[in-house]
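*Asks:* Enclosed is the structure file final.cif (mmCIF, C-alpha atoms).
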data_entry
#
loop_
_atom_site.label_atom_id
_atom_site.label_comp_id
_atom_site.auth_asym_id
_atom_site.auth_seq_id
_atom_site.Cartn_x
_atom_site.Cartn_y
_atom_site.Cartn_z
CA MET E 1389 -35.94 7.97 -0.90
CA LEU E 1390 -35.43 4.22 -1.01
CA PRO E 1391 -36.85 1.87 1.63
CA PHE E 1392 -34.38 0.48 4.10
CA VAL E 1393 -33.39 -3.08 3.32
CA GLN E 1394 -34.36 -5.59 6.01
CA LEU E 1395 -33.63 -9.09 4.84
CA SER E 1396 -33.28 -11.10 8.06
CA ARG E 1397 -35.72 -13.95 8.25
CA ASN E 1398 -34.62 -15.63 11.45
CA PRO E 1399 -32.81 -13.90 14.26
CA LEU E 1400 -29.44 -15.67 14.20
CA LYS E 1401 -27.74 -16.63 17.39
CA LEU E 1402 -24.16 -15.37 17.51
CA PRO E 1403 -21.39 -17.87 18.23
CA SER E 1404 -20.04 -17.83 21.78
CA ILE E 1405 -16.49 -16.56 22.16
CA LEU E 1406 -14.98 -19.23 24.43
CA ASN E 1407 -11.58 -17.61 24.53
CA SER E 1408 -9.81 -14.68 22.88
CA GLU E 1409 -6.15 -13.84 22.95
CA ILE E 1410 -3.89 -11.27 21.28
CA VAL E 1411 -1.26 -13.52 19.68
CA ALA E 1412 0.86 -10.78 18.11
CA SER E 1413 0.92 -7.01 17.91
CA SER E 1414 2.94 -4.12 16.59
CA ARG E 1415 2.83 -0.33 16.60
CA LEU E 1416 -0.33 -0.27 14.42
CA PHE E 1417 -1.83 -3.74 14.29
CA SER E 1418 -2.90 -6.60 16.56
CA ILE E 1419 -3.69 -10.20 15.66
CA GLU E 1420 -6.29 -11.93 17.83
CA SER E 1421 -7.10 -15.61 18.10
CA LEU E 1422 -10.73 -16.49 18.87
CA ASP E 1423 -12.10 -19.85 20.03
CA LEU E 1424 -15.73 -19.94 18.90
CA ARG E 1425 -18.66 -22.23 19.51
CA PHE E 1426 -21.41 -21.86 16.92
CA SER E 1427 -25.06 -22.30 17.91
CA ASN E 1428 -25.08 -25.78 16.33
CA GLY E 1429 -22.26 -26.86 18.65
CA GLU E 1430 -19.45 -26.68 16.06
CA THR E 1431 -16.24 -25.17 17.41
CA ARG E 1432 -13.59 -23.32 15.43
CA THR E 1433 -10.51 -21.20 16.08
CA PHE E 1434 -10.55 -18.01 13.99
CA GLU E 1435 -7.95 -15.28 13.65
CA ARG E 1436 -8.92 -11.67 13.22
CA LEU E 1437 -7.33 -8.23 13.11
CA PRO E 1438 -9.36 -6.22 15.61
CA LYS E 1439 -10.06 -2.53 15.12
CA ARG E 1440 -7.49 -0.43 16.90
CA GLY E 1441 -7.26 3.26 17.49
CA ARG E 1442 -9.41 5.98 16.01
CA GLU E 1443 -12.23 6.01 13.47
CA ALA E 1444 -11.40 6.81 9.84
CA VAL E 1445 -13.13 8.67 7.00
CA ILE E 1446 -12.95 8.42 3.20
CA VAL E 1447 -14.26 11.36 1.18
CA CYS E 1448 -15.86 11.58 -2.23
CA ALA E 1449 -15.64 15.31 -2.99
CA VAL E 1450 -17.45 16.61 -6.07
CA THR E 1451 -16.68 19.96 -7.71
CA GLU E 1452 -19.32 22.26 -9.19
CA ASN E 1453 -18.24 20.93 -12.61
CA ARG E 1454 -19.28 17.43 -11.45
CA GLU E 1455 -15.74 16.11 -11.14
CA VAL E 1456 -14.60 13.83 -8.32
CA VAL E 1457 -11.39 14.70 -6.49
CA LEU E 1458 -8.83 11.87 -6.61
CA ILE E 1459 -5.34 11.76 -5.21
CA ARG E 1460 -2.39 9.74 -6.40
CA GLU E 1461 -0.41 8.36 -3.51
CA TYR E 1462 2.26 5.79 -2.71
CA MET E 1463 0.53 2.65 -1.47
CA ALA E 1464 2.97 0.75 0.72
CA GLY E 1465 0.83 -2.40 0.81
CA LEU E 1466 1.24 -2.81 -2.96
CA HIS E 1467 4.53 -0.86 -3.33
CA LYS E 1468 3.06 1.25 -6.15
CA TYR E 1469 1.42 4.58 -6.80
CA GLU E 1470 -2.34 4.45 -7.13
CA LEU E 1471 -5.32 6.74 -7.34
CA GLY E 1472 -7.84 6.80 -4.54
CA LEU E 1473 -10.12 9.06 -2.56
CA PRO E 1474 -8.75 11.27 0.22
CA LYS E 1475 -8.94 9.55 3.58
CA GLY E 1476 -7.51 9.58 7.06
CA ARG E 1477 -8.01 9.21 10.78
CA VAL E 1478 -10.54 11.15 12.82
CA ASP E 1479 -8.59 13.17 15.38
CA LEU E 1480 -9.66 13.40 19.01
CA GLY E 1481 -12.70 15.64 19.37
CA GLU E 1482 -13.40 15.85 15.63
CA SER E 1483 -16.74 14.97 14.03
CA PHE E 1484 -16.63 12.74 10.93
CA ALA E 1485 -17.54 15.79 8.81
CA TYR E 1486 -14.79 17.92 10.34
CA ALA E 1487 -12.20 15.17 9.85
CA ALA E 1488 -13.30 14.63 6.24
CA ASN E 1489 -12.99 18.33 5.54
CA ARG E 1490 -9.55 18.54 7.15
CA GLU E 1491 -8.27 15.54 5.18
CA LEU E 1492 -9.66 17.07 1.98
CA LYS E 1493 -7.77 20.30 2.71
CA GLU E 1494 -4.55 18.48 3.63
CA GLU E 1495 -4.51 15.96 0.79
CA ALA E 1496 -6.30 17.70 -2.08
CA GLY E 1497 -6.41 21.46 -1.44
CA PHE E 1498 -10.18 21.77 -1.18
CA GLY E 1499 -12.54 22.66 1.62
CA ALA E 1500 -16.23 21.77 1.49
CA ARG E 1501 -19.24 23.76 2.68
CA SER E 1502 -21.41 20.68 2.97
CA ILE E 1503 -20.54 17.14 3.98
CA VAL E 1504 -22.90 14.18 4.23
CA HIS E 1505 -22.26 10.90 6.04
CA LEU E 1506 -23.05 8.16 3.50
CA ARG E 1507 -22.41 4.98 5.48
CA GLU E 1508 -19.87 2.95 7.42
CA LEU E 1509 -17.93 0.44 5.32
CA SER E 1510 -16.08 -2.63 6.54
CA LEU E 1511 -13.10 -4.04 4.64
CA ALA E 1512 -13.06 -7.80 5.11
CA PRO E 1513 -15.46 -8.32 8.03
CA GLY E 1514 -14.77 -12.06 8.28
CA GLN E 1515 -11.17 -11.41 9.29
CA MET E 1516 -10.92 -7.73 10.28
CA GLY E 1517 -12.64 -5.30 12.60
CA PHE E 1518 -11.53 -2.28 10.55
CA SER E 1519 -14.08 0.11 9.12
CA ILE E 1520 -14.19 3.55 7.53
CA HIS E 1521 -16.93 6.17 7.23
CA ALA E 1522 -17.77 7.12 3.64
CA MET E 1523 -18.54 10.85 3.30
CA LEU E 1524 -19.79 12.98 0.42
CA ALA E 1525 -18.41 16.53 0.19
CA THR E 1526 -19.91 19.19 -2.09
CA ASP E 1527 -19.87 22.98 -2.46
CA LEU E 1528 -16.07 23.02 -2.59
CA TYR E 1529 -13.66 25.95 -2.39
CA PRO E 1530 -9.86 26.08 -2.60
CA GLU E 1531 -8.17 25.71 0.76
CA SER E 1532 -5.00 23.91 1.74
CA LEU E 1533 -3.75 22.74 5.09
CA PRO E 1534 -0.31 21.22 5.74
CA GLY E 1535 -0.55 17.43 6.18
CA ASP E 1536 1.88 14.80 7.37
CA GLU E 1537 2.44 13.24 3.93
CA PRO E 1538 6.09 12.51 3.04
CA GLU E 1539 5.63 14.14 -0.37
CA PRO E 1540 2.99 16.32 -2.10
CA LEU E 1541 0.11 14.31 -3.53
CA GLU E 1542 -0.97 14.67 -7.14
CA VAL E 1543 -4.62 15.73 -7.41
CA VAL E 1544 -6.65 14.38 -10.35
CA LEU E 1545 -10.18 15.58 -11.18
CA TRP E 1546 -12.27 12.96 -12.93
CA PRO E 1547 -15.77 13.46 -14.42
CA LEU E 1548 -18.51 11.97 -12.27
CA ASP E 1549 -20.31 10.93 -15.45
CA ARG E 1550 -17.34 8.69 -16.34
CA ILE E 1551 -16.98 6.82 -13.03
CA ASP E 1552 -17.70 3.57 -14.83
CA GLU E 1553 -14.37 3.87 -16.63
CA LEU E 1554 -12.55 4.62 -13.40
CA ILE E 1555 -13.84 1.55 -11.56
CA PHE E 1556 -12.19 -0.69 -14.14
CA SER E 1557 -8.91 1.24 -14.14
CA HIS E 1558 -5.68 -0.47 -13.12
CA GLU E 1559 -4.67 2.84 -11.55
CA LEU E 1560 -7.37 2.56 -8.86
CA SER E 1561 -7.81 -0.85 -7.27
CA GLU E 1562 -9.11 0.00 -3.80
CA ALA E 1563 -12.49 -1.55 -2.99
CA ARG E 1564 -13.19 1.18 -0.40
CA SER E 1565 -12.66 3.95 -2.97
CA ILE E 1566 -14.74 2.16 -5.63
CA ALA E 1567 -17.57 1.46 -3.18
CA THR E 1568 -17.55 5.07 -1.93
CA LEU E 1569 -17.56 6.49 -5.49
CA LYS E 1570 -20.55 4.36 -6.51
CA ILE E 1571 -22.45 5.02 -3.25
CA ALA E 1572 -21.85 8.76 -3.68
CA GLU E 1573 -23.08 8.55 -7.28
CA VAL E 1574 -26.33 6.97 -6.05
CA ALA E 1575 -26.69 9.51 -3.23
CA LEU E 1576 -26.20 12.39 -5.70
CA GLN E 1577 -29.12 11.01 -7.72
CA GLY E 1578 -31.24 11.62 -4.62
CA ASN E 1579 -31.48 7.93 -3.73
CA HIS E 1580 -30.21 8.14 -0.19
CA PRO E 1581 -32.09 6.02 2.34
CA GLU E 1582 -31.77 8.49 5.19
CA GLU E 1583 -32.36 12.21 5.20
CA PRO E 1584 -28.93 13.68 4.39
CA THR E 1585 -27.35 15.37 7.39
CA LEU E 1586 -25.93 18.56 6.00
CA ILE E 1587 -23.15 19.79 8.21
CA ALA E 1588 -21.60 23.21 7.94
CA ALA E 1589 -17.97 22.16 7.78
CA GLY E 1590 -15.51 23.90 10.09
CA MET J 1217 -16.80 -0.73 -24.67
CA LEU J 1218 -15.29 2.06 -22.61
CA PRO J 1219 -11.78 3.39 -23.17
CA PHE J 1220 -9.20 2.28 -20.66
CA VAL J 1221 -8.37 5.00 -18.15
CA GLN J 1222 -4.80 6.22 -18.23
CA LEU J 1223 -4.38 9.19 -15.96
CA SER J 1224 -0.67 9.26 -15.15
CA ARG J 1225 0.97 12.49 -16.16
CA ASN J 1226 4.44 11.97 -14.80
CA PRO J 1227 6.06 8.63 -14.23
CA LEU J 1228 6.48 8.61 -10.46
CA LYS J 1229 9.61 7.26 -8.89
CA LEU J 1230 8.84 4.67 -6.24
CA PRO J 1231 10.32 5.12 -2.75
CA SER J 1232 13.36 2.99 -1.98
CA ILE J 1233 12.82 0.28 0.60
CA LEU J 1234 15.86 0.77 2.83
CA ASN J 1235 14.95 -2.06 5.18
CA SER J 1236 12.03 -4.42 5.69
CA GLU J 1237 11.39 -6.72 8.60
CA ILE J 1238 8.57 -9.01 9.74
CA VAL J 1239 7.88 -7.69 13.24
CA ALA J 1240 5.08 -10.10 14.15
CA SER J 1241 3.27 -13.02 12.61
CA SER J 1242 0.64 -15.63 13.33
CA ARG J 1243 -0.98 -18.60 11.63
CA LEU J 1244 -2.68 -16.34 9.02
CA PHE J 1245 -1.14 -12.88 9.17
CA SER J 1246 2.22 -11.11 9.16
CA ILE J 1247 3.06 -7.54 10.10
CA GLU J 1248 5.98 -5.97 8.27
CA SER J 1249 7.90 -2.82 9.09
CA LEU J 1250 9.31 -0.88 6.12
CA ASP J 1251 11.93 1.88 6.19
CA LEU J 1252 11.29 4.00 3.12
CA ARG J 1253 13.11 6.84 1.40
CA PHE J 1254 10.87 8.86 -0.91
CA SER J 1255 12.30 10.37 -4.10
CA ASN J 1256 12.38 13.81 -2.44
CA GLY J 1257 14.68 12.45 0.27
CA GLU J 1258 12.03 12.19 3.01
CA THR J 1259 12.26 9.02 5.08
CA ARG J 1260 9.46 7.26 6.90
CA THR J 1261 8.84 3.96 8.66
CA PHE J 1262 5.58 2.33 7.50
CA GLU J 1263 3.85 -0.80 8.70
CA ARG J 1264 1.98 -3.06 6.34
CA LEU J 1265 0.24 -6.42 6.29
CA PRO J 1266 1.79 -8.20 3.32
CA LYS J 1267 -0.18 -10.60 1.18
CA ARG J 1268 0.27 -14.17 2.35
CA GLY J 1269 -0.84 -17.43 0.93
CA ARG J 1270 -3.12 -18.02 -1.99
CA GLU J 1271 -5.16 -15.74 -4.23
CA ALA J 1272 -8.83 -15.16 -3.43
CA VAL J 1273 -12.02 -14.66 -5.43
CA ILE J 1274 -15.33 -12.91 -4.72
CA VAL J 1275 -18.30 -13.82 -6.92
CA CYS J 1276 -21.31 -11.82 -8.05
CA ALA J 1277 -23.63 -14.55 -9.36
CA VAL J 1278 -26.78 -13.48 -11.18
CA THR J 1279 -29.78 -15.76 -11.73
CA GLU J 1280 -31.87 -15.81 -14.90
CA ASN J 1281 -34.46 -13.75 -12.96
CA ARG J 1282 -31.81 -11.03 -12.54
CA GLU J 1283 -31.28 -11.65 -8.85
CA VAL J 1284 -27.87 -11.56 -7.17
CA VAL J 1285 -26.88 -14.42 -4.88
CA LEU J 1286 -26.01 -13.24 -1.35
CA ILE J 1287 -25.02 -15.28 1.66
CA ARG J 1288 -25.49 -14.44 5.30
CA GLU J 1289 -22.47 -15.45 7.33
CA TYR J 1290 -20.90 -14.91 10.72
CA MET J 1291 -18.26 -12.20 10.38
CA ALA J 1292 -15.69 -12.71 13.13
CA GLY J 1293 -14.05 -9.31 12.56
CA LEU J 1294 -17.28 -7.55 13.53
CA HIS J 1295 -18.77 -10.38 15.68
CA LYS J 1296 -22.07 -10.19 13.80
CA TYR J 1297 -23.94 -11.84 10.96
CA GLU J 1298 -23.84 -9.94 7.69
CA LEU J 1299 -24.74 -10.39 4.06
CA GLY J 1300 -22.02 -10.53 1.45
CA LEU J 1301 -21.03 -12.17 -1.80
CA PRO J 1302 -19.63 -15.73 -1.83
CA LYS J 1303 -15.85 -15.71 -1.64
CA GLY J 1304 -12.88 -17.85 -0.81
CA ARG J 1305 -9.36 -18.94 -1.51
CA VAL J 1306 -8.13 -20.26 -4.84
CA ASP J 1307 -6.89 -23.79 -4.27
CA LEU J 1308 -3.65 -25.07 -5.75
CA GLY J 1309 -4.00 -25.68 -9.47
CA GLU J 1310 -7.39 -23.93 -9.77
CA SER J 1311 -8.12 -21.09 -12.18
CA PHE J 1312 -9.95 -18.05 -10.78
CA ALA J 1313 -13.10 -19.16 -12.64
CA TYR J 1314 -12.90 -22.70 -11.28
CA ALA J 1315 -12.37 -21.43 -7.73
CA ALA J 1316 -15.28 -18.98 -8.05
CA ASN J 1317 -17.54 -21.75 -9.28
CA ARG J 1318 -16.49 -24.11 -6.47
CA GLU J 1319 -17.10 -21.44 -3.80
CA LEU J 1320 -20.50 -20.68 -5.32
CA LYS J 1321 -21.42 -24.36 -5.12
CA GLU J 1322 -20.10 -24.72 -1.55
CA GLU J 1323 -21.55 -21.53 -0.10
CA ALA J 1324 -24.70 -20.89 -2.12
CA GLY J 1325 -25.75 -24.10 -3.89
CA PHE J 1326 -25.30 -22.81 -7.44
CA GLY J 1327 -22.97 -23.71 -10.27
CA ALA J 1328 -22.36 -21.33 -13.18
CA ARG J 1329 -21.89 -22.11 -16.85
CA SER J 1330 -20.09 -18.84 -17.53
CA ILE J 1331 -17.74 -16.86 -15.35
CA VAL J 1332 -16.00 -13.58 -16.21
CA HIS J 1333 -13.02 -12.04 -14.45
CA LEU J 1334 -14.03 -8.45 -13.69
CA ARG J 1335 -10.94 -7.06 -11.99
CA GLU J 1336 -8.55 -7.39 -9.07
CA LEU J 1337 -9.53 -5.34 -6.01
CA SER J 1338 -7.26 -4.23 -3.18
CA LEU J 1339 -8.63 -3.60 0.31
CA ALA J 1340 -6.58 -0.85 1.91
CA PRO J 1341 -3.53 -0.63 -0.36
CA GLY J 1342 -1.74 1.92 1.82
CA GLN J 1343 -1.44 -0.59 4.66
CA MET J 1344 -2.17 -4.04 3.20
CA GLY J 1345 -1.00 -6.21 0.35
CA PHE J 1346 -4.25 -8.21 0.28
CA SER J 1347 -6.33 -8.38 -2.87
CA ILE J 1348 -9.23 -10.36 -4.25
CA HIS J 1349 -10.39 -11.12 -7.78
CA ALA J 1350 -13.94 -9.97 -8.54
CA MET J 1351 -15.79 -12.45 -10.77
CA LEU J 1352 -19.19 -12.36 -12.48
CA ALA J 1353 -21.06 -15.69 -12.74
CA THR J 1354 -24.11 -16.16 -14.94
CA ASP J 1355 -26.10 -19.02 -16.49
CA LEU J 1356 -26.59 -20.65 -13.09
CA TYR J 1357 -27.91 -24.10 -12.22
CA PRO J 1358 -28.50 -25.77 -8.84
CA GLU J 1359 -25.48 -27.65 -7.56
CA SER J 1360 -24.10 -28.01 -4.05
CA LEU J 1361 -20.71 -29.06 -2.82
CA PRO J 1362 -19.78 -29.63 0.83
CA GLY J 1363 -17.72 -26.73 2.18
CA ASP J 1364 -15.73 -26.18 5.35
CA GLU J 1365 -18.20 -23.74 6.94
CA PRO J 1366 -19.01 -24.39 10.61
CA GLU J 1367 -22.75 -24.00 9.89
CA PRO J 1368 -24.97 -23.85 6.79
CA LEU J 1369 -25.11 -20.37 5.24
CA GLU J 1370 -28.41 -18.64 4.54
CA VAL J 1371 -28.78 -17.77 0.86
CA VAL J 1372 -30.64 -14.58 -0.05
CA LEU J 1373 -31.58 -13.64 -3.62
CA TRP J 1374 -31.83 -9.90 -4.18
CA PRO J 1375 -33.06 -8.14 -7.34
CA LEU J 1376 -30.24 -6.69 -9.41
CA ASP J 1377 -32.47 -3.72 -10.20
CA ARG J 1378 -32.58 -2.85 -6.49
CA ILE J 1379 -28.83 -2.94 -5.76
CA ASP J 1380 -28.96 0.71 -4.80
CA GLU J 1381 -31.01 -0.20 -1.73
CA LEU J 1382 -28.61 -2.96 -0.80
CA ILE J 1383 -25.51 -0.76 -0.87
CA PHE J 1384 -27.00 1.40 1.89
CA SER J 1385 -28.13 -1.56 4.00
CA HIS J 1386 -26.77 -2.04 7.49
CA GLU J 1387 -26.88 -5.77 6.81
CA LEU J 1388 -24.11 -5.53 4.20
CA SER J 1389 -21.17 -3.32 5.07
CA GLU J 1390 -18.31 -4.91 3.15
CA ALA J 1391 -16.61 -2.56 0.69
CA ARG J 1392 -15.40 -5.53 -1.41
CA SER J 1393 -18.96 -6.86 -1.82
CA ILE J 1394 -20.38 -3.40 -2.61
CA ALA J 1395 -17.62 -2.66 -5.13
CA THR J 1396 -18.06 -6.05 -6.81
CA LEU J 1397 -21.86 -5.66 -7.01
CA LYS J 1398 -21.59 -2.24 -8.66
CA ILE J 1399 -18.77 -3.34 -11.02
CA ALA J 1400 -20.84 -6.38 -12.04
CA GLU J 1401 -23.85 -4.13 -12.63
CA VAL J 1402 -21.78 -1.99 -15.01
CA ALA J 1403 -20.32 -5.07 -16.74
CA LEU J 1404 -23.83 -6.49 -17.25
CA GLN J 1405 -24.78 -3.27 -19.04
CA GLY J 1406 -22.07 -4.16 -21.56
CA ASN J 1407 -19.65 -1.50 -20.30
CA HIS J 1408 -16.69 -3.72 -19.70
CA PRO J 1409 -13.34 -2.29 -20.78
CA GLU J 1410 -11.88 -5.60 -21.88
CA GLU J 1411 -13.44 -8.30 -24.01
CA PRO J 1412 -15.12 -10.63 -21.47
CA THR J 1413 -13.32 -13.93 -21.11
CA LEU J 1414 -16.07 -16.47 -21.03
CA ILE J 1415 -14.87 -19.60 -19.34
CA ALA J 1416 -16.75 -22.85 -19.39
CA ALA J 1417 -16.76 -23.56 -15.69
CA GLY J 1418 -15.68 -27.00 -14.51
#
Spit out the file's structure as structure tokens when you get a sec.
*Replies:*
Amino acid sequence: MLPFVQLSRNPLKLPSILNSEIVASSRLFSIESLDLRFSNGETRTFERLPKRGREAVIVCAVTENREVVLIREYMAGLHKYELGLPKGRVDLGESFAYAANRELKEEAGFGARSIVHLRELSLAPGQMGFSIHAMLATDLYPESLPGDEPEPLEVVLWPLDRIDELIFSHELSEARSIATLKIAEVALQGNHPEEPTLIAAG
Amino acid sequence: MLPFVQLSRNPLKLPSILNSEIVASSRLFSIESLDLRFSNGETRTFERLPKRGREAVIVCAVTENREVVLIREYMAGLHKYELGLPKGRVDLGESFAYAANRELKEEAGFGARSIVHLRELSLAPGQMGFSIHAMLATDLYPESLPGDEPEPLEVVLWPLDRIDELIFSHELSEARSIATLKIAEVALQGNHPEEPTLIAAG
């Protein structure tokens, strides 16, 4: 059990938000303009993409043979196929563990008997409010659920002991997946700062 | 030197982009709607945030005492102060190494005599075209350059050997910073898949 990191020396005073305005929005995204006054009097106009809609989960699932479950999926942002960890939105009324288990069943054909919340990850916190909850799933069994993917996803099992090759691969570029894989690796070594919450997955 | 990961079994056929349209945009961001036809005939409309503007770098700088250089900065997306690695845009005509070195000087008060390109990281490749180049800076010396920050940034040195505490800290949530820290840690152990390109920083 590692101590919790507390690095703050001085309590910092947050900038005042003088004005905020949604300057553009679409079906999924909004763009917000913020007029800020920092505690030293400096003023700036920032743009950010605020969080919208439901929470999300990303799942590092590990088989009894110590392999991580990857999926290969079309990534519209890059217009290419890439590997990554299963992920998706938390539906109304679902716990993070339940949502992680459902996504694992839909995207990779596995259910998990135990799921641990690792931590919340932000993407680019200077410009975006988006975040995702990193989960660790173990004690897997085969179970599939129909998902809403436009095509079946290829499932790739990759040895946990060779994660350090994967994180340099050009087939997996996503910072969220790489961070979750390495955090899960540390948690599996027993170095988790909080007592793991083991949840019997539904 | 680790082997390069090549996992693809079947060459996958990319979806056809039937139509694409910028549905909203602002000073910094655009939102694009894409009509896609997957190779199995399924059609879907996706939204994505395409990459705009210049490339970006994120820098893991390591002192001779094996400490990583962190900065504490106001994160508008989350409206809080958080720790993260120095980062910024690549200016016109700059190499990635030069830009990384300049950002390190502006944000943290260090120059580096050697800088290695670790890899390109995407953020959320299913929905965004954004990426950032993860760099490793070593052989540091004190040097400051004026930046465009609204207030001076607090610099925190954290022992490389205790990164596994940091990646669970609530003071550092950014997936890009966590991924870069852990990739740099692996690279510093000599497990870098490509020959490091050592660049004499300007």
*Asks:* Tell me as a PDB file with C-alpha atoms, in the frame of the given file which residues belonging to chain J come within 6 Å of chain E, counting all atoms listed in the file.
*Replies:*
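Contents of the output file iface_29.pdb:
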ATOM      1  CA  VAL J1221      -8.370   5.000 -18.150  1.00  0.00           C
ATOM      2  CA  ALA J1240       5.080 -10.100  14.150  1.00  0.00           C
ATOM      3  CA  GLU J1258      12.030  12.190   3.010  1.00  0.00           C
ATOM      4  CA  ARG J1264       1.980  -3.060   6.340  1.00  0.00           C
ATOM      5  CA  MET J1291     -18.260 -12.200  10.380  1.00  0.00           C
ATOM      6  CA  ALA J1292     -15.690 -12.710  13.130  1.00  0.00           C
ATOM      7  CA  GLY J1293     -14.050  -9.310  12.560  1.00  0.00           C
ATOM      8  CA  LEU J1294     -17.280  -7.550  13.530  1.00  0.00           C
ATOM      9  CA  LEU J1337      -9.530  -5.340  -6.010  1.00  0.00           C
ATOM     10  CA  SER J1338      -7.260  -4.230  -3.180  1.00  0.00           C
ATOM     11  CA  LEU J1339      -8.630  -3.600   0.310  1.00  0.00           C
ATOM     12  CA  PRO J1341      -3.530  -0.630  -0.360  1.00  0.00           C
ATOM     13  CA  GLY J1342      -1.740   1.920   1.820  1.00  0.00           C
ATOM     14  CA  GLN J1343      -1.440  -0.590   4.660  1.00  0.00           C
ATOM     15  CA  MET J1344      -2.170  -4.040   3.200  1.00  0.00           C
ATOM     16  CA  GLY J1345      -1.000  -6.210   0.350  1.00  0.00           C
ATOM     17  CA  PRO J1366     -19.010 -24.390  10.610  1.00  0.00           C
ATOM     18  CA  SER J1385     -28.130  -1.560   4.000  1.00  0.00           C
ATOM     19  CA  SER J1389     -21.170  -3.320   5.070  1.00  0.00           C
ATOM     20  CA  GLU J1390     -18.310  -4.910   3.150  1.00  0.00           C
ATOM     21  CA  ALA J1391     -16.610  -2.560   0.690  1.00  0.00           C
ATOM     22  CA  ARG J1392     -15.400  -5.530  -1.410  1.00  0.00           C
ATOM     23  CA  ILE J1394     -20.380  -3.400  -2.610  1.00  0.00           C
ATOM     24  CA  ALA J1395     -17.620  -2.660  -5.130  1.00  0.00           C
TER      25      ALA J1395
END
*Asks:* So what do you get for atom CA of E:Gly1497 versus atom CA of E:Pro1530, distance-wise?
*Replies:*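 Going from atom CA of E:Gly1497 over to atom CA of E:Pro1530, I get 5.9 Å.
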*Asks:* What gap, in Å, lies between atom CA of E:Phe1484 and atom CA of E:Gly1535?
*Replies:*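 The value is 17.4 Å.
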*Asks:* Name every residue that the PyMOL selection byres ((chain E and resi 1531) around 7) selects in this structure, writing the answer as a list in words with chains first and numbers rising.
*Replies:* Lys1493, Gly1497, Phe1498, Gly1499, Tyr1529, Pro1530, Ser1532 and Leu1533 of chain E
*Asks:* Keeping only C-alpha atoms, write the selected residues as a tab-separated table (two decimals), in the frame of the given file.
*Replies:*
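Output (again.tsv):
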chain	number	residue	atom	x	y	z
E	1493	LYS	CA	-7.77	20.30	2.71
E	1497	GLY	CA	-6.41	21.46	-1.44
E	1498	PHE	CA	-10.18	21.77	-1.18
E	1499	GLY	CA	-12.54	22.66	1.62
E	1529	TYR	CA	-13.66	25.95	-2.39
E	1530	PRO	CA	-9.86	26.08	-2.60
E	1532	SER	CA	-5.00	23.91	1.74
E	1533	LEU	CA	-3.75	22.74	5.09
*Asks:* Give me, as a list of chain:residue names, all polymer residues having an atom no more than 6 Å from J:Ile1274, counting only C-alpha atoms and skipping those fewer than 4 positions away in the same chain.
*Replies:* J:Pro1302, J:Lys1303, J:Ala1350
*Asks:* Go through E:Asp1536, E:Asp1423, E:Glu1482, E:Leu1473 and flag the residue nearest E:Val1450, using only C-alpha atoms for the distances.
*Replies:* E:Leu1473
*Asks:* What does the distance between atom CA of J:Ala1353 and atom CA of J:Gly1309 come to in Å, to one decimal place?
*Replies:*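 One can read the atom CA of J:Ala1353 to atom CA of J:Gly1309 distance as 20.0 Å.
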